[in-house]
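Asks: For reference, this is upload.pdb, and it has PDB, C-alpha atoms.
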```pdb
ATOM      1  CA  MET A  28     -20.469  72.791 155.690  1.00  0.00           C
ATOM      2  CA  GLU A  29     -19.584  69.179 154.915  1.00  0.00           C
ATOM      3  CA  LYS A  30     -20.631  67.232 151.875  1.00  0.00           C
ATOM      4  CA  VAL A  31     -22.515  63.961 152.283  1.00  0.00           C
ATOM      5  CA  THR A  32     -21.767  60.956 150.097  1.00  0.00           C
ATOM      6  CA  LEU A  33     -25.054  59.107 149.776  1.00  0.00           C
ATOM      7  CA  ALA A  34     -23.512  55.651 149.338  1.00  0.00           C
ATOM      8  CA  ASP A  35     -21.523  55.968 152.571  1.00  0.00           C
ATOM      9  CA  ALA A  36     -24.444  57.518 154.399  1.00  0.00           C
ATOM     10  CA  PHE A  37     -26.815  54.710 153.458  1.00  0.00           C
ATOM     11  CA  GLU A  38     -24.210  52.147 154.510  1.00  0.00           C
ATOM     12  CA  SER A  39     -24.076  53.737 157.957  1.00  0.00           C
ATOM     13  CA  ILE A  40     -27.794  53.154 158.555  1.00  0.00           C
ATOM     14  CA  GLU A  41     -28.362  49.850 160.290  1.00  0.00           C
ATOM     15  CA  GLU A  42     -32.129  49.501 160.554  1.00  0.00           C
ATOM     16  CA  TYR A  43     -34.879  49.581 157.973  1.00  0.00           C
ATOM     17  CA  TRP A  44     -37.427  52.413 158.129  1.00  0.00           C
ATOM     18  CA  ASP A  45     -35.157  54.473 160.368  1.00  0.00           C
ATOM     19  CA  PRO A  46     -34.698  57.858 158.667  1.00  0.00           C
ATOM     20  CA  HIS A  47     -31.415  59.687 159.239  1.00  0.00           C
ATOM     21  CA  ILE A  48     -30.905  63.389 158.618  1.00  0.00           C
ATOM     22  CA  ALA A  49     -28.385  64.133 155.859  1.00  0.00           C
ATOM     23  CA  GLY A  50     -28.905  67.892 155.795  1.00  0.00           C
ATOM     24  CA  GLU A  51     -31.141  70.694 157.019  1.00  0.00           C
ATOM     25  CA  LEU A  52     -32.119  73.839 155.188  1.00  0.00           C
ATOM     26  CA  ASN A  53     -34.878  76.416 155.469  1.00  0.00           C
ATOM     27  CA  GLY A  54     -36.633  74.415 158.190  1.00  0.00           C
ATOM     28  CA  GLN A  55     -36.695  71.353 155.980  1.00  0.00           C
ATOM     29  CA  ALA A  56     -34.618  68.205 156.183  1.00  0.00           C
ATOM     30  CA  VAL A  57     -33.212  65.748 153.711  1.00  0.00           C
ATOM     31  CA  LYS A  58     -33.570  62.345 155.292  1.00  0.00           C
ATOM     32  CA  LEU A  59     -32.184  59.028 154.114  1.00  0.00           C
ATOM     33  CA  ALA A  60     -33.763  55.669 154.795  1.00  0.00           C
ATOM     34  CA  ARG A  61     -33.129  52.058 153.932  1.00  0.00           C
ATOM     35  CA  VAL A  62     -36.476  50.351 153.612  1.00  0.00           C
ATOM     36  CA  ASP A  63     -37.736  46.836 153.019  1.00  0.00           C
ATOM     37  CA  GLY A  64     -41.235  45.444 153.344  1.00  0.00           C
ATOM     38  CA  GLU A  65     -44.433  47.322 154.184  1.00  0.00           C
ATOM     39  CA  PHE A  66     -44.594  50.500 156.184  1.00  0.00           C
ATOM     40  CA  VAL A  67     -47.701  51.698 158.014  1.00  0.00           C
ATOM     41  CA  TRP A  68     -50.601  53.633 156.515  1.00  0.00           C
ATOM     42  CA  HIS A  69     -50.239  57.248 157.640  1.00  0.00           C
ATOM     43  CA  ARG A  70     -50.572  60.849 156.575  1.00  0.00           C
ATOM     44  CA  HIS A  71     -48.847  64.134 157.419  1.00  0.00           C
ATOM     45  CA  ASP A  72     -51.466  66.803 158.058  1.00  0.00           C
ATOM     46  CA  ASP A  73     -49.074  69.747 157.810  1.00  0.00           C
ATOM     47  CA  ALA A  74     -46.321  68.514 155.552  1.00  0.00           C
ATOM     48  CA  ASP A  75     -45.872  67.720 151.903  1.00  0.00           C
ATOM     49  CA  GLU A  76     -43.305  64.960 151.491  1.00  0.00           C
ATOM     50  CA  LEU A  77     -40.962  64.209 148.622  1.00  0.00           C
ATOM     51  CA  PHE A  78     -39.735  60.678 147.919  1.00  0.00           C
ATOM     52  CA  LEU A  79     -36.733  60.085 145.665  1.00  0.00           C
ATOM     53  CA  VAL A  80     -35.483  56.561 145.059  1.00  0.00           C
ATOM     54  CA  SER A  81     -31.698  56.244 145.082  1.00  0.00           C
ATOM     55  CA  ARG A  82     -31.606  52.477 144.619  1.00  0.00           C
ATOM     56  CA  GLY A  83     -34.283  49.793 144.317  1.00  0.00           C
ATOM     57  CA  GLU A  84     -37.998  50.321 143.882  1.00  0.00           C
ATOM     58  CA  LEU A  85     -40.617  51.885 146.117  1.00  0.00           C
ATOM     59  CA  ARG A  86     -44.346  51.426 145.661  1.00  0.00           C
ATOM     60  CA  ILE A  87     -46.554  53.984 147.355  1.00  0.00           C
ATOM     61  CA  GLU A  88     -50.152  52.991 147.923  1.00  0.00           C
ATOM     62  CA  PHE A  89     -53.016  55.472 148.326  1.00  0.00           C
ATOM     63  CA  ARG A  90     -56.546  55.000 149.568  1.00  0.00           C
ATOM     64  CA  GLU A  91     -58.412  56.505 146.665  1.00  0.00           C
ATOM     65  CA  ARG A  92     -56.073  56.545 143.727  1.00  0.00           C
ATOM     66  CA  GLU A  93     -53.720  54.206 141.963  1.00  0.00           C
ATOM     67  CA  ASP A  94     -50.396  53.163 143.420  1.00  0.00           C
ATOM     68  CA  VAL A  95     -47.281  54.930 142.199  1.00  0.00           C
ATOM     69  CA  THR A  96     -44.120  52.877 141.731  1.00  0.00           C
ATOM     70  CA  LEU A  97     -40.837  54.745 141.847  1.00  0.00           C
ATOM     71  CA  ASP A  98     -37.737  53.216 140.335  1.00  0.00           C
ATOM     72  CA  GLU A  99     -34.215  54.476 140.838  1.00  0.00           C
ATOM     73  CA  GLY A 100     -34.018  58.138 139.830  1.00  0.00           C
ATOM     74  CA  GLU A 101     -37.739  58.803 140.163  1.00  0.00           C
ATOM     75  CA  LEU A 102     -39.412  61.188 142.571  1.00  0.00           C
ATOM     76  CA  LEU A 103     -42.910  61.963 143.803  1.00  0.00           C
ATOM     77  CA  VAL A 104     -44.361  64.664 146.023  1.00  0.00           C
ATOM     78  CA  VAL A 105     -47.148  63.390 148.289  1.00  0.00           C
ATOM     79  CA  PRO A 106     -49.214  66.401 149.331  1.00  0.00           C
ATOM     80  CA  ARG A 107     -50.135  66.974 152.980  1.00  0.00           C
ATOM     81  CA  GLY A 108     -53.209  65.157 154.230  1.00  0.00           C
ATOM     82  CA  ILE A 109     -52.998  62.296 151.732  1.00  0.00           C
ATOM     83  CA  GLU A 110     -52.883  58.907 153.411  1.00  0.00           C
ATOM     84  CA  HIS A 111     -50.201  56.683 151.961  1.00  0.00           C
ATOM     85  CA  ARG A 112     -48.267  53.486 152.565  1.00  0.00           C
ATOM     86  CA  PRO A 113     -44.755  52.912 151.183  1.00  0.00           C
ATOM     87  CA  ILE A 114     -43.811  49.343 150.306  1.00  0.00           C
ATOM     88  CA  ALA A 115     -40.527  47.903 149.065  1.00  0.00           C
ATOM     89  CA  GLU A 116     -40.319  44.351 147.779  1.00  0.00           C
ATOM     90  CA  GLU A 117     -36.579  44.325 148.330  1.00  0.00           C
ATOM     91  CA  GLU A 118     -34.054  46.569 150.020  1.00  0.00           C
ATOM     92  CA  THR A 119     -34.494  50.078 148.693  1.00  0.00           C
ATOM     93  CA  ARG A 120     -32.743  53.343 149.459  1.00  0.00           C
ATOM     94  CA  ILE A 121     -34.751  56.536 149.507  1.00  0.00           C
ATOM     95  CA  LEU A 122     -34.260  60.227 150.074  1.00  0.00           C
ATOM     96  CA  LEU A 123     -37.049  62.165 151.757  1.00  0.00           C
ATOM     97  CA  PHE A 124     -37.414  65.900 151.704  1.00  0.00           C
ATOM     98  CA  GLU A 125     -39.862  67.296 154.230  1.00  0.00           C
ATOM     99  CA  PRO A 126     -40.097  69.689 157.188  1.00  0.00           C
ATOM    100  CA  ALA A 127     -37.413  68.845 159.728  1.00  0.00           C
ATOM    101  CA  GLU A 128     -39.955  68.107 162.462  1.00  0.00           C
ATOM    102  CA  THR A 129     -42.053  65.651 160.426  1.00  0.00           C
ATOM    103  CA  TYR A 130     -42.477  62.263 162.068  1.00  0.00           C
ATOM    104  CA  ASN A 131     -41.990  59.275 159.807  1.00  0.00           C
ATOM    105  CA  THR A 132     -45.325  57.703 160.797  1.00  0.00           C
ATOM    106  CA  GLY A 133     -47.279  60.959 160.558  1.00  0.00           C
ATOM    107  CA  ASN A 134     -50.595  60.742 162.406  1.00  0.00           C
ATOM    108  CA  VAL A 135     -49.842  57.212 163.649  1.00  0.00           C
ATOM    109  CA  GLU A 136     -47.639  56.374 166.611  1.00  0.00           C
ATOM    110  CA  ASN A 137     -46.234  52.880 166.922  1.00  0.00           C
ATOM    111  CA  GLU A 138     -42.970  50.995 167.341  1.00  0.00           C
ATOM    112  CA  ARG A 139     -41.704  52.397 164.060  1.00  0.00           C
ATOM    113  CA  THR A 140     -42.177  56.029 165.031  1.00  0.00           C
ATOM    114  CA  ARG A 141     -38.930  58.006 165.164  1.00  0.00           C
ATOM    115  CA  THR A 142     -39.396  61.364 166.867  1.00  0.00           C
ATOM    116  CA  ASP A 143     -35.733  62.300 166.959  1.00  0.00           C
ATOM    117  CA  PRO A 144     -33.945  60.979 163.870  1.00  0.00           C
ATOM    118  CA  GLU A 145     -30.219  60.459 164.012  1.00  0.00           C
ATOM    119  CA  ARG A 146     -27.965  62.665 161.993  1.00  0.00           C
ATOM    120  CA  ILE A 147     -25.511  61.349 159.408  1.00  0.00           C
ATOM    121  CA  GLU A 148     -21.987  62.128 160.638  1.00  0.00           C
TER     122      GLU A 148
ATOM    123  CA  MET B  23     -49.634  63.860 141.768  1.00  0.00           C
ATOM    124  CA  GLU B  24     -47.340  62.672 138.998  1.00  0.00           C
ATOM    125  CA  LYS B  25     -43.962  61.090 139.412  1.00  0.00           C
ATOM    126  CA  VAL B  26     -40.930  62.617 137.728  1.00  0.00           C
ATOM    127  CA  THR B  27     -38.273  60.477 136.078  1.00  0.00           C
ATOM    128  CA  LEU B  28     -35.054  62.409 136.454  1.00  0.00           C
ATOM    129  CA  ALA B  29     -33.390  61.043 133.306  1.00  0.00           C
ATOM    130  CA  ASP B  30     -36.321  62.153 131.127  1.00  0.00           C
ATOM    131  CA  ALA B  31     -36.630  65.457 132.920  1.00  0.00           C
ATOM    132  CA  PHE B  32     -32.961  66.318 132.413  1.00  0.00           C
ATOM    133  CA  GLU B  33     -33.238  65.371 128.737  1.00  0.00           C
ATOM    134  CA  SER B  34     -36.077  67.873 128.340  1.00  0.00           C
ATOM    135  CA  ILE B  35     -33.895  70.777 129.467  1.00  0.00           C
ATOM    136  CA  GLU B  36     -32.221  72.447 126.530  1.00  0.00           C
ATOM    137  CA  GLU B  37     -30.031  75.140 128.010  1.00  0.00           C
ATOM    138  CA  TYR B  38     -27.265  75.053 130.562  1.00  0.00           C
ATOM    139  CA  TRP B  39     -27.792  76.875 133.876  1.00  0.00           C
ATOM    140  CA  ASP B  40     -31.542  77.057 133.282  1.00  0.00           C
ATOM    141  CA  PRO B  41     -33.213  75.479 136.341  1.00  0.00           C
ATOM    142  CA  HIS B  42     -36.536  73.727 135.846  1.00  0.00           C
ATOM    143  CA  ILE B  43     -38.971  72.942 138.642  1.00  0.00           C
ATOM    144  CA  ALA B  44     -39.518  69.207 139.156  1.00  0.00           C
ATOM    145  CA  GLY B  45     -41.696  69.521 142.249  1.00  0.00           C
ATOM    146  CA  GLU B  46     -42.905  71.939 144.912  1.00  0.00           C
ATOM    147  CA  LEU B  47     -43.533  71.240 148.560  1.00  0.00           C
ATOM    148  CA  ASN B  48     -43.842  73.299 151.724  1.00  0.00           C
ATOM    149  CA  GLY B  49     -42.873  76.478 149.888  1.00  0.00           C
ATOM    150  CA  GLN B  50     -39.704  74.830 148.614  1.00  0.00           C
ATOM    151  CA  ALA B  51     -38.892  73.596 145.147  1.00  0.00           C
ATOM    152  CA  VAL B  52     -36.834  70.798 143.704  1.00  0.00           C
ATOM    153  CA  LYS B  53     -35.146  72.212 140.645  1.00  0.00           C
ATOM    154  CA  LEU B  54     -33.129  70.395 138.013  1.00  0.00           C
ATOM    155  CA  ALA B  55     -30.353  71.933 135.983  1.00  0.00           C
ATOM    156  CA  ARG B  56     -27.884  70.863 133.364  1.00  0.00           C
ATOM    157  CA  VAL B  57     -24.719  72.829 133.868  1.00  0.00           C
ATOM    158  CA  ASP B  58     -21.400  73.214 132.129  1.00  0.00           C
ATOM    159  CA  GLY B  59     -18.665  75.763 132.674  1.00  0.00           C
ATOM    160  CA  GLU B  60     -18.528  78.530 135.255  1.00  0.00           C
ATOM    161  CA  PHE B  61     -21.538  80.150 136.829  1.00  0.00           C
ATOM    162  CA  VAL B  62     -21.498  83.598 138.464  1.00  0.00           C
ATOM    163  CA  TRP B  63     -20.415  84.400 141.984  1.00  0.00           C
ATOM    164  CA  HIS B  64     -23.567  85.009 144.034  1.00  0.00           C
ATOM    165  CA  ARG B  65     -25.261  84.453 147.369  1.00  0.00           C
ATOM    166  CA  HIS B  66     -28.807  83.947 148.595  1.00  0.00           C
ATOM    167  CA  ASP B  67     -29.420  86.180 151.591  1.00  0.00           C
ATOM    168  CA  ASP B  68     -32.607  84.428 152.722  1.00  0.00           C
ATOM    169  CA  ALA B  69     -32.231  80.899 151.446  1.00  0.00           C
ATOM    170  CA  ASP B  70     -30.140  77.874 152.246  1.00  0.00           C
ATOM    171  CA  GLU B  71     -29.529  75.846 149.101  1.00  0.00           C
ATOM    172  CA  LEU B  72     -28.910  72.147 148.666  1.00  0.00           C
ATOM    173  CA  PHE B  73     -26.921  70.800 145.720  1.00  0.00           C
ATOM    174  CA  LEU B  74     -27.101  67.111 144.793  1.00  0.00           C
ATOM    175  CA  VAL B  75     -25.177  65.801 141.808  1.00  0.00           C
ATOM    176  CA  SER B  76     -27.095  63.310 139.691  1.00  0.00           C
ATOM    177  CA  ARG B  77     -24.421  62.893 137.027  1.00  0.00           C
ATOM    178  CA  GLY B  78     -21.007  64.428 136.486  1.00  0.00           C
ATOM    179  CA  GLU B  79     -19.037  66.566 138.905  1.00  0.00           C
ATOM    180  CA  LEU B  80     -19.705  69.996 140.382  1.00  0.00           C
ATOM    181  CA  ARG B  81     -17.092  72.115 142.089  1.00  0.00           C
ATOM    182  CA  ILE B  82     -18.384  74.862 144.336  1.00  0.00           C
ATOM    183  CA  GLU B  83     -15.985  77.673 145.105  1.00  0.00           C
ATOM    184  CA  PHE B  84     -16.227  79.889 148.186  1.00  0.00           C
ATOM    185  CA  ARG B  85     -14.560  83.183 149.039  1.00  0.00           C
ATOM    186  CA  GLU B  86     -13.083  82.252 152.391  1.00  0.00           C
ATOM    187  CA  ARG B  87     -12.964  78.503 152.546  1.00  0.00           C
ATOM    188  CA  GLU B  88     -11.854  75.605 150.417  1.00  0.00           C
ATOM    189  CA  ASP B  89     -13.752  74.468 147.356  1.00  0.00           C
ATOM    190  CA  VAL B  90     -16.049  71.496 147.685  1.00  0.00           C
ATOM    191  CA  THR B  91     -16.226  69.044 144.793  1.00  0.00           C
ATOM    192  CA  LEU B  92     -19.370  66.951 144.530  1.00  0.00           C
ATOM    193  CA  ASP B  93     -19.350  63.748 142.512  1.00  0.00           C
ATOM    194  CA  GLU B  94     -22.411  61.802 141.499  1.00  0.00           C
ATOM    195  CA  GLY B  95     -24.457  60.937 144.570  1.00  0.00           C
ATOM    196  CA  GLU B  96     -22.958  63.651 146.769  1.00  0.00           C
ATOM    197  CA  LEU B  97     -24.803  66.576 148.319  1.00  0.00           C
ATOM    198  CA  LEU B  98     -23.954  69.825 150.076  1.00  0.00           C
ATOM    199  CA  VAL B  99     -26.043  72.464 151.827  1.00  0.00           C
ATOM    200  CA  VAL B 100     -24.750  75.998 151.236  1.00  0.00           C
ATOM    201  CA  PRO B 101     -26.111  78.168 154.063  1.00  0.00           C
ATOM    202  CA  ARG B 102     -27.772  81.495 153.305  1.00  0.00           C
ATOM    203  CA  GLY B 103     -25.483  84.458 152.905  1.00  0.00           C
ATOM    204  CA  ILE B 104     -22.456  82.454 151.782  1.00  0.00           C
ATOM    205  CA  GLU B 105     -21.097  83.625 148.461  1.00  0.00           C
ATOM    206  CA  HIS B 106     -20.413  80.743 146.106  1.00  0.00           C
ATOM    207  CA  ARG B 107     -19.679  79.899 142.491  1.00  0.00           C
ATOM    208  CA  PRO B 108     -20.579  76.544 140.939  1.00  0.00           C
ATOM    209  CA  ILE B 109     -18.305  75.230 138.194  1.00  0.00           C
ATOM    210  CA  ALA B 110     -18.580  72.105 136.055  1.00  0.00           C
ATOM    211  CA  GLU B 111     -15.691  70.983 133.858  1.00  0.00           C
ATOM    212  CA  GLU B 112     -18.058  68.910 131.741  1.00  0.00           C
ATOM    213  CA  GLU B 113     -21.807  68.527 131.439  1.00  0.00           C
ATOM    214  CA  THR B 114     -23.232  67.844 134.862  1.00  0.00           C
ATOM    215  CA  ARG B 115     -26.758  67.274 136.104  1.00  0.00           C
ATOM    216  CA  ILE B 116     -27.769  68.652 139.463  1.00  0.00           C
ATOM    217  CA  LEU B 117     -30.788  68.756 141.737  1.00  0.00           C
ATOM    218  CA  LEU B 118     -31.336  71.856 143.844  1.00  0.00           C
ATOM    219  CA  PHE B 119     -33.593  72.113 146.897  1.00  0.00           C
ATOM    220  CA  GLU B 120     -34.367  75.656 147.915  1.00  0.00           C
ATOM    221  CA  PRO B 121     -37.293  78.014 148.532  1.00  0.00           C
ATOM    222  CA  ALA B 122     -39.499  78.110 145.446  1.00  0.00           C
ATOM    223  CA  GLU B 123     -38.937  81.834 144.943  1.00  0.00           C
ATOM    224  CA  THR B 124     -35.132  81.684 145.035  1.00  0.00           C
ATOM    225  CA  TYR B 125     -33.442  83.180 141.981  1.00  0.00           C
ATOM    226  CA  ASN B 126     -30.608  81.170 140.506  1.00  0.00           C
ATOM    227  CA  THR B 127     -28.193  84.106 140.550  1.00  0.00           C
ATOM    228  CA  GLY B 128     -29.152  85.251 144.059  1.00  0.00           C
ATOM    229  CA  ASN B 129     -28.046  88.826 144.702  1.00  0.00           C
ATOM    230  CA  VAL B 130     -26.752  89.240 141.156  1.00  0.00           C
ATOM    231  CA  GLU B 131     -28.897  90.003 138.136  1.00  0.00           C
ATOM    232  CA  ASN B 132     -27.522  89.295 134.684  1.00  0.00           C
ATOM    233  CA  GLU B 133     -28.292  87.407 131.484  1.00  0.00           C
ATOM    234  CA  ARG B 134     -28.302  84.124 133.351  1.00  0.00           C
ATOM    235  CA  THR B 135     -30.939  85.193 135.869  1.00  0.00           C
ATOM    236  CA  ARG B 136     -34.135  83.135 135.696  1.00  0.00           C
ATOM    237  CA  THR B 137     -36.944  84.738 137.676  1.00  0.00           C
ATOM    238  CA  ASP B 138     -39.679  82.378 136.532  1.00  0.00           C
ATOM    239  CA  PRO B 139     -38.264  78.882 136.007  1.00  0.00           C
ATOM    240  CA  GLU B 140     -40.076  76.515 133.711  1.00  0.00           C
ATOM    241  CA  ARG B 141     -41.807  73.513 135.150  1.00  0.00           C
ATOM    242  CA  ILE B 142     -41.030  69.947 134.090  1.00  0.00           C
ATOM    243  CA  GLU B 143     -44.151  68.531 132.421  1.00  0.00           C
TER     244      GLU B 143
END
```
With the file now loaded, output its structure as structure tokens.
Replies:
Amino acid sequence: MEKVTLADAFESIEEYWDPHIAGELNGQAVKLARVDGEFVWHRHDDADELFLVSRGELRIEFREREDVTLDEGELLVVPRGIEHRPIAEEETRILLFEPAETYNTGNVENERTRTDPERIE
Amino acid sequence: MEKVTLADAFESIEEYWDPHIAGELNGQAVKLARVDGEFVWHRHDDADELFLVSRGELRIEFREREDVTLDEGELLVVPRGIEHRPIAEEETRILLFEPAETYNTGNVENERTRTDPERIE
């Protein structure tokens, strides 16, 4: 049972769009990611996903509804099955809360897919 | 699918130790609470609980291990079954991640028990 200091944890992440596990509970995980630029369109068929911006600004695009832009201290739950694309215009730090086994690229598999995220030490 | 701005959401909470639901996902809830002073000793037999401090400082006491003090931007997962007591020396704002049905006072029922938390609008 060790606390995690978000600032230090984010600093330890070297690559963009590479989620790291900061904690696990009840089959869910809190993941941290540094992001910049556009991610891929994807959806999670069996997982709702929470985004919380710790620093910066994250825009989330949807196919059939308006974008949502999250500033620092704002959160959004994207329900399962909803296709979405996160975009950051500059380096942004986000927390994700989702089932531990959720893949970052959901139904899509490409060079950005991380099937076995690292754990924050 | 509406975003939640934490600063506004915390402002809308009037009482201390009265968790409000900011979002639900995968059977879990993100709850926000303004806290000040000592809470009750309790445990959650079937739920791991994550604490994340948004502002202020939260000390969590345990029966058989050292206290953990969380400053702003620090998080801790308290595993199920572990008795704990949160304490804030001044007003502190915390996020909790836990199963949606988790009671704030766990195995204890008293005047601080909230069985049906309000939802942030």
Asks: Interatomic distance between atom CA of Asp30 of chain B and atom CA of Gly49 of chain B?
Replies: 24.5 Å
Asks: Which residues of chain B sit at most 10 Å from chain A, using only C-alpha atoms? Give each one's shortest atom pair and distance in Å (one decimal place), in chain and ascending residue order, as JSON lines.
Replies:
```
{"residue": "B:Met23", "atom": "CA", "partner": "A:Val104", "partner_atom": "CA", "distance": 6.8}
{"residue": "B:Glu24", "atom": "CA", "partner": "A:Leu103", "partner_atom": "CA", "distance": 6.6}
{"residue": "B:Lys25", "atom": "CA", "partner": "A:Leu103", "partner_atom": "CA", "distance": 4.6}
{"residue": "B:Val26", "atom": "CA", "partner": "A:Leu102", "partner_atom": "CA", "distance": 5.3}
{"residue": "B:Thr27", "atom": "CA", "partner": "A:Glu101", "partner_atom": "CA", "distance": 4.4}
{"residue": "B:Leu28", "atom": "CA", "partner": "A:Gly100", "partner_atom": "CA", "distance": 5.5}
{"residue": "B:Ala29", "atom": "CA", "partner": "A:Gly100", "partner_atom": "CA", "distance": 7.2}
{"residue": "B:Asp30", "atom": "CA", "partner": "A:Glu101", "partner_atom": "CA", "distance": 9.7}
{"residue": "B:Ala31", "atom": "CA", "partner": "A:Glu101", "partner_atom": "CA", "distance": 9.9}
{"residue": "B:Ala44", "atom": "CA", "partner": "A:Leu102", "partner_atom": "CA", "distance": 8.7}
{"residue": "B:Gly45", "atom": "CA", "partner": "A:Val104", "partner_atom": "CA", "distance": 6.7}
{"residue": "B:Glu46", "atom": "CA", "partner": "A:Val104", "partner_atom": "CA", "distance": 7.5}
{"residue": "B:Leu47", "atom": "CA", "partner": "A:Asp75", "partner_atom": "CA", "distance": 5.4}
{"residue": "B:Asn48", "atom": "CA", "partner": "A:Asp75", "partner_atom": "CA", "distance": 5.9}
{"residue": "B:Gly49", "atom": "CA", "partner": "A:Asp75", "partner_atom": "CA", "distance": 9.5}
{"residue": "B:Gln50", "atom": "CA", "partner": "A:Asn53", "partner_atom": "CA", "distance": 8.5}
{"residue": "B:Val52", "atom": "CA", "partner": "A:Leu77", "partner_atom": "CA", "distance": 9.2}
{"residue": "B:Asp68", "atom": "CA", "partner": "A:Asn53", "partner_atom": "CA", "distance": 8.8}
{"residue": "B:Ala69", "atom": "CA", "partner": "A:Asn53", "partner_atom": "CA", "distance": 6.6}
{"residue": "B:Asp70", "atom": "CA", "partner": "A:Leu52", "partner_atom": "CA", "distance": 5.4}
{"residue": "B:Glu71", "atom": "CA", "partner": "A:Leu52", "partner_atom": "CA", "distance": 6.9}
{"residue": "B:Leu72", "atom": "CA", "partner": "A:Leu52", "partner_atom": "CA", "distance": 7.5}
{"residue": "B:Phe73", "atom": "CA", "partner": "A:Lys30", "partner_atom": "CA", "distance": 9.5}
{"residue": "B:Leu74", "atom": "CA", "partner": "A:Val31", "partner_atom": "CA", "distance": 9.3}
{"residue": "B:Ser76", "atom": "CA", "partner": "A:Gly100", "partner_atom": "CA", "distance": 8.6}
{"residue": "B:Arg87", "atom": "CA", "partner": "A:Met28", "partner_atom": "CA", "distance": 9.9}
{"residue": "B:Val90", "atom": "CA", "partner": "A:Lys30", "partner_atom": "CA", "distance": 7.5}
{"residue": "B:Thr91", "atom": "CA", "partner": "A:Lys30", "partner_atom": "CA", "distance": 8.5}
{"residue": "B:Leu92", "atom": "CA", "partner": "A:Lys30", "partner_atom": "CA", "distance": 7.5}
{"residue": "B:Asp93", "atom": "CA", "partner": "A:Thr32", "partner_atom": "CA", "distance": 8.4}
{"residue": "B:Glu94", "atom": "CA", "partner": "A:Thr32", "partner_atom": "CA", "distance": 8.7}
{"residue": "B:Gly95", "atom": "CA", "partner": "A:Leu33", "partner_atom": "CA", "distance": 5.6}
{"residue": "B:Glu96", "atom": "CA", "partner": "A:Thr32", "partner_atom": "CA", "distance": 4.4}
{"residue": "B:Leu97", "atom": "CA", "partner": "A:Val31", "partner_atom": "CA", "distance": 5.3}
{"residue": "B:Leu98", "atom": "CA", "partner": "A:Lys30", "partner_atom": "CA", "distance": 4.6}
{"residue": "B:Val99", "atom": "CA", "partner": "A:Gly50", "partner_atom": "CA", "distance": 6.7}
{"residue": "B:Val100", "atom": "CA", "partner": "A:Met28", "partner_atom": "CA", "distance": 7.0}
{"residue": "B:Pro101", "atom": "CA", "partner": "A:Leu52", "partner_atom": "CA", "distance": 7.5}
{"residue": "B:Arg102", "atom": "CA", "partner": "A:Asn53", "partner_atom": "CA", "distance": 9.0}
{"residue": "B:Phe119", "atom": "CA", "partner": "A:Leu52", "partner_atom": "CA", "distance": 8.6}
{"residue": "B:Glu120", "atom": "CA", "partner": "A:Asn53", "partner_atom": "CA", "distance": 7.6}
{"residue": "B:Pro121", "atom": "CA", "partner": "A:Asn53", "partner_atom": "CA", "distance": 7.5}
```
Asks: Please produce an output containing C-alpha atoms for each residue in the selection, written as a tab-separated table (two decimals), keeping the file's coordinate frame.
Replies:
```tsv
chain	number	residue	atom	x	y	z
B	23	MET	CA	-49.63	63.86	141.77
B	24	GLU	CA	-47.34	62.67	139.00
B	25	LYS	CA	-43.96	61.09	139.41
B	26	VAL	CA	-40.93	62.62	137.73
B	27	THR	CA	-38.27	60.48	136.08
B	28	LEU	CA	-35.05	62.41	136.45
B	29	ALA	CA	-33.39	61.04	133.31
B	30	ASP	CA	-36.32	62.15	131.13
B	31	ALA	CA	-36.63	65.46	132.92
B	44	ALA	CA	-39.52	69.21	139.16
B	45	GLY	CA	-41.70	69.52	142.25
B	46	GLU	CA	-42.90	71.94	144.91
B	47	LEU	CA	-43.53	71.24	148.56
B	48	ASN	CA	-43.84	73.30	151.72
B	49	GLY	CA	-42.87	76.48	149.89
B	50	GLN	CA	-39.70	74.83	148.61
B	52	VAL	CA	-36.83	70.80	143.70
B	68	ASP	CA	-32.61	84.43	152.72
B	69	ALA	CA	-32.23	80.90	151.45
B	70	ASP	CA	-30.14	77.87	152.25
B	71	GLU	CA	-29.53	75.85	149.10
B	72	LEU	CA	-28.91	72.15	148.67
B	73	PHE	CA	-26.92	70.80	145.72
B	74	LEU	CA	-27.10	67.11	144.79
B	76	SER	CA	-27.10	63.31	139.69
B	87	ARG	CA	-12.96	78.50	152.55
B	90	VAL	CA	-16.05	71.50	147.68
B	91	THR	CA	-16.23	69.04	144.79
B	92	LEU	CA	-19.37	66.95	144.53
B	93	ASP	CA	-19.35	63.75	142.51
B	94	GLU	CA	-22.41	61.80	141.50
B	95	GLY	CA	-24.46	60.94	144.57
B	96	GLU	CA	-22.96	63.65	146.77
B	97	LEU	CA	-24.80	66.58	148.32
B	98	LEU	CA	-23.95	69.82	150.08
B	99	VAL	CA	-26.04	72.46	151.83
B	100	VAL	CA	-24.75	76.00	151.24
B	101	PRO	CA	-26.11	78.17	154.06
B	102	ARG	CA	-27.77	81.50	153.30
B	119	PHE	CA	-33.59	72.11	146.90
B	120	GLU	CA	-34.37	75.66	147.92
B	121	PRO	CA	-37.29	78.01	148.53
```
Asks: Can you spell out as a list in words the set of residues that the PyMOL selection byres ((chain A and resi 115-119) around 6) selects in the structure I just provided?
Replies: Arg61, Val62, Asp63, Gly64, Arg82, Gly83, Glu84, Leu85, Ile114 and Arg120 of chain A
Asks: One decimal, in Å: what's the spacing between atom CA of Glu131 of chain B and atom CA of Glu86 of chain B?
Replies: 22.7 Å
Asks: Could you check how far atom CA of Glu105 of chain B sits from atom CA of Arg85 of chain B, in Å to one decimal?
Replies: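 Interatomic distance, atom CA of Glu105 of chain B to atom CA of Arg85 of chain B: 6.6 Å.
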Asks: List the spatial neighbours of Arg107 of chain B as a list in words - criterion: any atom at most 12 Å away, all atoms listed in the file, same-chain residues fewer than 4 positions off excluded.
Replies: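 Counting all atoms listed in the file, the residues come to Gly59, Glu60, Phe61, Val62, Trp63, His64, Arg65, His66, Leu80, Arg81, Ile82, Glu83, Phe84, Arg85, Glu88, Asp89, Val90, Thr91, Val100, Asn126, Thr127, Gly128 and Val130 of chain B.
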